[in-house]
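**Student:** Have a look at the structure that comes next, please.
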Amino acid sequence: MIETEHCPDCGSHKFFVNKEKGELICKNCSFVVEDALVDFGKDSRAFDDDSLQENSRTGAPFDPRVTDNLATQIGNSSDIAKLSGKTRALIQRIKKKNNWTSNSFEQNLNTAMGIMRIIAGNMSVPSSVEKDAAVMYRRVAEKNLAMRSSIENLVVATLYIACKMHGIPRPMREFSLSSKVDLKTLGKTYKLVLRHTGLKIQPVSPMDYVSKLSSALKFTPKVQTKTVKMIEKMEKMALTSGLSPLSVSSAALYMTSILEGEKRTQKQFAEVTNITETTLRNRCKSLSKKLGIKLK
């Protein structure tokens with residue numbers, strides 16, 4: 001049929017078939033000749049859960065943040081509030097019994113995804129990062145790590161790891177402050193998750209924080225470029241080994257701002273970076289001495 005038909009717009013006999021959208025398109029003028037082609041090819045077959053999920057044509061798209069896409073939902077609060085008192089009490093009992101039927105794994109995921117949604121929203125974590133964190137938590141939950149650490153600790157740790165995997169520089173202290181999880185506990189949970197999932201995360205470089213801090217403190221591109229060069233010099237001299245990447249980046253940016261005449265107060269740096277003014281002063285003092293920089 002494609003060989004005998006001609007394009008009604010330009011008369012061409014050359015067509016392109018878009019199987020995904022079911023369209024027949026003219027190669028010459030891009031005119032859509034047909035937009036509802038029927039696929040007469042063989043239907044897909046599935047032999048395991050992965051291929052079934054990939055080739056499925058029905059149901060909602062899989063979202064790792066949703067515990068069960070096919071879970072039974074018995075009304076919502078606004079609909080139930082419109083019912084009479086006797087009917088409302090009956091529906092509440094049905095909902096409670098329905099929740100009892102879910103297993104402990106589903107209850108664990110329900111609690112974890114609720115916590116993850118709140119923390120990710122407070123920290124403005126991108127949706128793609130949140131989904132990867134949800135997949136990671138599912139793997140962790142399947143290994144029964146919730147028996148060794150609290151659900152909230154595991155959720156925050158997986159969010160932190162997902163941010164690092166996506167190259168988003170967010171210090172661990174920021175996750176600790178947003179979730180009220182102790183920094184030391186979060187560090188232990190982070191190592192626990194990496195050990196049991198087999199993930200290997202590249203260490204964060206001070207370079208990763210320069211752009212974010214420069215934008216937050218409204219520095220010019222010149223200061224940002226000079227800061228990057230200063231950090232490169234520090235790394236060649238092995239001055240950053242064993243130091244917090246955030247503190248090194250903050251100190252380098254602070255020293256560069258003074259040298260370029262765009263000074264910001266130590267209090268402003270502390271508010272943006274969540275490191276103390278004392279830490280900033282000590283880091284600047286030690287690094288400037290080793291670099292041979294004299295600060296006014």
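Following the order of the structure tokens, chains are lettered A, B, ..., residues in each are numbered from 1, and ligands are numbered from 1.
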Show me, as a PyMOL selection string, the residues that have an atom within 7 Å of Ala133 in chain A when counting only C-alpha atoms, minus same-chain residues fewer than 2 positions from it.

**Tutor:** chain A and resi 129-131+135-137+158-159+162

**Student:** For the selection just defined, write its residues with N, CA and C atoms to a file, as a tab-separated table (two decimals), in the first residue's frame.

**Tutor:**
```tsv
chain	number	residue	atom	x	y	z
A	129	VAL	N	16.06	12.16	40.81
A	129	VAL	CA	16.90	11.74	41.94
A	129	VAL	C	16.05	10.99	42.97
A	130	GLU	N	14.85	11.51	43.22
A	130	GLU	CA	13.96	10.88	44.19
A	130	GLU	C	13.58	9.46	43.74
A	131	LYS	N	13.36	9.28	42.43
A	131	LYS	CA	13.01	7.95	41.91
A	131	LYS	C	14.16	6.97	42.09
A	135	VAL	N	14.21	3.48	44.28
A	135	VAL	CA	14.66	2.16	43.79
A	135	VAL	C	15.73	1.59	44.72
A	136	MET	N	16.64	2.46	45.14
A	136	MET	CA	17.71	2.03	46.05
A	136	MET	C	17.14	1.57	47.39
A	137	TYR	N	16.14	2.30	47.89
A	137	TYR	CA	15.55	1.92	49.17
A	137	TYR	C	14.85	0.57	49.06
A	158	THR	N	19.81	7.01	51.33
A	158	THR	CA	19.59	6.73	49.91
A	158	THR	C	19.40	8.02	49.11
A	159	LEU	N	18.76	9.02	49.69
A	159	LEU	CA	18.63	10.31	49.01
A	159	LEU	C	20.00	10.96	48.82
A	162	ALA	N	21.82	9.09	46.06
A	162	ALA	CA	21.24	9.39	44.75
A	162	ALA	C	21.69	10.76	44.24
```

**Student:** Write out as a PyMOL selection string each polymer residue whose atoms come within 12 Å of Ser211 in chain A, counting only C-alpha atoms; drop sequence neighbours fewer than 6 positions from it.

**Tutor:** chain A and resi 168-169+217-228+246+249-250+253

**Student:** Please provide the set of residues having any atom within 12 Å of Met234 in chain A, restricted to only C-alpha atoms, with same-chain residues fewer than 2 positions apart removed, written as a ChimeraX atom specification.

**Tutor:** /A:205-207,227-232,236-241,243,245,248-249,251-252,286-292

**Student:** Pull C-alpha atoms from the residues just selected and write them as a tab-separated table (two decimals), in the first residue's frame.

**Tutor:**
```tsv
chain	number	residue	atom	x	y	z
A	205	SER	CA	35.60	17.34	44.78
A	206	PRO	CA	35.76	20.94	46.10
A	207	MET	CA	35.19	21.94	42.46
A	227	THR	CA	38.57	30.01	42.63
A	228	VAL	CA	38.66	26.96	40.35
A	229	LYS	CA	42.30	27.67	39.47
A	230	MET	CA	43.16	28.05	43.16
A	231	ILE	CA	41.54	24.69	43.99
A	232	GLU	CA	43.44	23.04	41.11
A	236	LYS	CA	48.33	19.48	42.78
A	237	MET	CA	50.05	20.35	46.07
A	238	ALA	CA	47.95	17.68	47.87
A	239	LEU	CA	46.58	20.27	50.31
A	240	THR	CA	42.97	19.04	50.13
A	241	SER	CA	43.65	15.49	51.33
A	243	LEU	CA	39.72	17.94	54.40
A	245	PRO	CA	35.43	19.42	50.17
A	248	VAL	CA	38.00	23.79	51.06
A	249	SER	CA	35.70	25.23	48.40
A	251	ALA	CA	37.87	28.88	51.92
A	252	ALA	CA	39.12	29.12	48.34
A	286	SER	CA	46.17	27.14	57.01
A	287	LEU	CA	45.63	27.10	53.24
A	288	SER	CA	46.75	30.68	52.61
A	289	LYS	CA	49.96	30.01	54.55
A	290	LYS	CA	50.76	26.91	52.46
A	291	LEU	CA	49.88	28.74	49.21
A	292	GLY	CA	51.90	31.79	50.16
```

**Student:** Report the distance between CA of Glu174 in chain A and CA of Ala270 in chain A in Å, rounded to one decimal place.

**Tutor:**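 Distance between the two atoms: 12.6 Å.
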
**Student:** Give the answer as one residue: which of A:Phe105, A:Pro8, A:Phe31, A:Met255 has the shortest atom-to-atom distance to Met147 in chain A, using only C-alpha atoms?

**Tutor:**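 The closest residue to Met147 in chain A is A:Phe105.
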
**Student:** Please provide as a PDB file with C-alpha atoms, in the first residue's frame all residues within 9 Å of Asn28 in chain A, with the sequence filter that same-chain residues fewer than 5 positions apart are discarded (counting only C-alpha atoms).

**Tutor:**
```
ATOM      1  CA  CYS A   7       1.500  12.151  -0.950  1.00  0.00           C
ATOM      2  CA  CYS A  10       3.695  16.978  -2.950  1.00  0.00           C
ATOM      3  CA  SER A  12       5.922  11.864  -3.616  1.00  0.00           C
ATOM      4  CA  HIS A  13       5.795   8.055  -3.298  1.00  0.00           C
ATOM      5  CA  LYS A  14       8.450   7.810  -0.565  1.00  0.00           C
ATOM      6  CA  PHE A  15       7.128   7.350   2.948  1.00  0.00           C
TER       7      PHE A  15
END
```

**Student:** Could you pull out the alpha helix (DSSP H) residues of range 11-255 of chain A from DSSP and send them as a ChimeraX atom specification?

**Tutor:** /A:49-55,77-81,85-101,104-122,127-142,151-165,172-179,183-197,207-217,221-236,245-255

**Student:** Deliver the residues from the most recent selection as a file, using C-alpha atoms, as a short mmCIF file (atom, residue, chain, number, x, y, z; two decimals), in the first residue's frame.

**Tutor:**
```
data_model
loop_
_atom_site.label_atom_id
_atom_site.label_comp_id
_atom_site.auth_asym_id
_atom_site.auth_seq_id
_atom_site.Cartn_x
_atom_site.Cartn_y
_atom_site.Cartn_z
CA ASP A 49 8.82 -9.87 35.63
CA ASP A 50 11.26 -7.44 33.95
CA SER A 51 10.14 -8.20 30.39
CA LEU A 52 6.49 -8.16 31.51
CA GLN A 53 6.91 -4.69 32.98
CA GLU A 54 8.77 -3.45 29.90
CA ASN A 55 6.27 -4.81 27.35
CA SER A 77 -11.09 12.13 53.39
CA SER A 78 -13.23 14.66 51.49
CA ASP A 79 -15.62 11.99 50.15
CA ILE A 80 -15.90 10.19 53.49
CA ALA A 81 -16.66 13.48 55.28
CA GLY A 85 -22.12 9.19 60.76
CA LYS A 86 -23.06 5.50 60.63
CA THR A 87 -21.81 5.03 57.06
CA ARG A 88 -18.62 6.98 57.83
CA ALA A 89 -17.83 4.68 60.77
CA LEU A 90 -18.42 1.62 58.57
CA ILE A 91 -16.06 2.91 55.84
CA GLN A 92 -13.39 3.70 58.44
CA ARG A 93 -13.57 0.11 59.76
CA ILE A 94 -13.28 -1.24 56.20
CA LYS A 95 -10.24 0.95 55.54
CA LYS A 96 -8.61 -0.22 58.77
CA LYS A 97 -9.14 -3.90 57.90
CA ASN A 98 -7.84 -3.28 54.39
CA ASN A 99 -4.64 -1.85 55.88
CA TRP A 100 -4.29 -4.91 58.10
CA THR A 101 -4.17 -7.16 55.04
CA SER A 104 5.06 -5.76 56.68
CA PHE A 105 7.13 -5.04 53.53
CA GLU A 106 4.37 -2.89 52.04
CA GLN A 107 3.90 -1.06 55.33
CA ASN A 108 7.64 -0.43 55.45
CA LEU A 109 7.58 1.01 51.93
CA ASN A 110 4.52 3.14 52.70
CA THR A 111 6.26 4.71 55.68
CA ALA A 112 9.57 5.15 53.85
CA MET A 113 8.08 6.73 50.71
CA GLY A 114 6.09 9.17 52.84
CA ILE A 115 9.25 10.27 54.66
CA MET A 116 11.18 10.46 51.39
CA ARG A 117 8.49 12.62 49.78
CA ILE A 118 8.64 15.12 52.67
CA ILE A 119 12.45 15.36 52.84
CA ALA A 120 12.85 15.53 49.05
CA GLY A 121 10.27 18.33 48.93
CA ASN A 122 11.94 20.30 51.71
CA SER A 127 12.10 13.97 40.71
CA SER A 128 14.65 11.81 38.86
CA VAL A 129 16.90 11.74 41.94
CA GLU A 130 13.96 10.88 44.19
CA LYS A 131 13.01 7.95 41.91
CA ASP A 132 16.55 6.55 42.00
CA ALA A 133 16.57 6.89 45.78
CA ALA A 134 13.24 5.01 45.92
CA VAL A 135 14.66 2.16 43.79
CA MET A 136 17.71 2.03 46.05
CA TYR A 137 15.55 1.92 49.17
CA ARG A 138 13.53 -0.98 47.75
CA ARG A 139 16.76 -2.92 47.31
CA VAL A 140 17.77 -2.06 50.86
CA ALA A 141 14.38 -3.07 52.26
CA GLU A 142 14.53 -6.42 50.45
CA ILE A 151 13.60 3.69 58.20
CA GLU A 152 14.30 7.45 58.32
CA ASN A 153 18.08 6.89 58.45
CA LEU A 154 17.93 4.61 55.40
CA VAL A 155 15.70 7.05 53.48
CA VAL A 156 18.05 10.00 54.08
CA ALA A 157 21.11 7.89 53.21
CA THR A 158 19.59 6.73 49.91
CA LEU A 159 18.63 10.31 49.01
CA TYR A 160 22.17 11.45 49.75
CA ILE A 161 23.66 8.67 47.61
CA ALA A 162 21.24 9.39 44.75
CA CYS A 163 22.27 13.06 44.76
CA LYS A 164 25.93 12.05 44.54
CA MET A 165 25.16 9.65 41.69
CA MET A 172 25.80 15.37 54.27
CA ARG A 173 25.33 18.03 56.94
CA GLU A 174 22.52 19.57 54.88
CA PHE A 175 20.67 16.24 54.81
CA SER A 176 21.24 15.86 58.53
CA LEU A 177 19.77 19.29 59.29
CA SER A 178 16.77 18.76 57.01
CA SER A 179 15.90 15.37 58.47
CA LEU A 183 25.39 13.38 61.30
CA LYS A 184 27.43 10.51 62.74
CA THR A 185 24.50 8.11 62.44
CA LEU A 186 23.88 9.22 58.86
CA GLY A 187 27.52 8.57 57.98
CA LYS A 188 27.31 5.02 59.34
CA THR A 189 24.04 4.35 57.50
CA TYR A 190 25.54 5.73 54.28
CA LYS A 191 28.41 3.22 54.50
CA LEU A 192 25.97 0.42 55.40
CA VAL A 193 23.86 1.05 52.28
CA LEU A 194 26.90 1.20 50.00
CA ARG A 195 28.28 -2.03 51.46
CA HIS A 196 25.06 -4.01 50.92
CA THR A 197 24.13 -2.57 47.52
CA MET A 207 35.19 21.94 42.46
CA ASP A 208 31.63 20.62 42.66
CA TYR A 209 30.60 23.30 45.17
CA VAL A 210 32.13 26.35 43.49
CA SER A 211 29.28 27.06 41.07
CA LYS A 212 26.57 26.62 43.71
CA LEU A 213 28.31 28.81 46.31
CA SER A 214 29.21 31.49 43.75
CA SER A 215 25.61 31.70 42.62
CA ALA A 216 24.27 31.85 46.19
CA LEU A 217 26.72 34.62 47.18
CA PRO A 221 32.31 34.77 36.82
CA LYS A 222 35.83 36.13 37.29
CA VAL A 223 35.85 35.17 40.98
CA GLN A 224 34.45 31.73 40.13
CA THR A 225 37.19 31.11 37.53
CA LYS A 226 39.98 32.25 39.87
CA THR A 227 38.57 30.01 42.63
CA VAL A 228 38.66 26.96 40.35
CA LYS A 229 42.30 27.67 39.47
CA MET A 230 43.16 28.05 43.16
CA ILE A 231 41.54 24.69 43.99
CA GLU A 232 43.44 23.04 41.11
CA LYS A 233 46.67 24.36 42.59
CA MET A 234 45.68 23.03 46.03
CA GLU A 235 44.98 19.57 44.61
CA LYS A 236 48.33 19.48 42.78
CA PRO A 245 35.43 19.42 50.17
CA LEU A 246 32.83 22.01 51.22
CA SER A 247 35.19 23.74 53.64
CA VAL A 248 38.00 23.79 51.06
CA SER A 249 35.70 25.23 48.40
CA SER A 250 34.37 27.86 50.83
CA ALA A 251 37.87 28.88 51.92
CA ALA A 252 39.12 29.12 48.34
CA LEU A 253 36.11 31.22 47.33
CA TYR A 254 36.50 33.46 50.38
CA MET A 255 40.21 34.07 49.71
#
```

**Student:** At what distance in Å, to one decimal, does CA of Thr279 in chain A lie from CA of Gln266 in chain A?

**Tutor:** 10.2 Å

**Student:** Skip range 32-34 of chain A itself and residues of its chain fewer than 4 positions away, then list as a list in words all residues within 8 Å of it, counting only C-alpha atoms.

**Tutor:**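 Near range 32-34 of chain A, the qualifying residues are Cys7, Pro8, Gly22, Glu23, Leu24, Ile25 and Cys26 of chain A.
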
**Student:** So which one's closest to Arg170 in chain A, A:Ser150, A:Thr273, A:Gln202, A:Ser257? Using only C-alpha atoms, please.

**Tutor:**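 Looking only at the distances to Arg170 in chain A, the closest residue turns out to be A:Thr273.
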
**Student:** Grab the CA of His6 in chain A to CA of Ser30 in chain A distance for me, in Å with one decimal place.

**Tutor:** 12.7 Å

**Student:** Using only C-alpha atoms for the distances, tell me which of A:Met123, A:Val66, A:Val17, A:Val204 is nearest to His166 in chain A.

**Tutor:**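 Result for the nearest residue to His166 in chain A: A:Val204.
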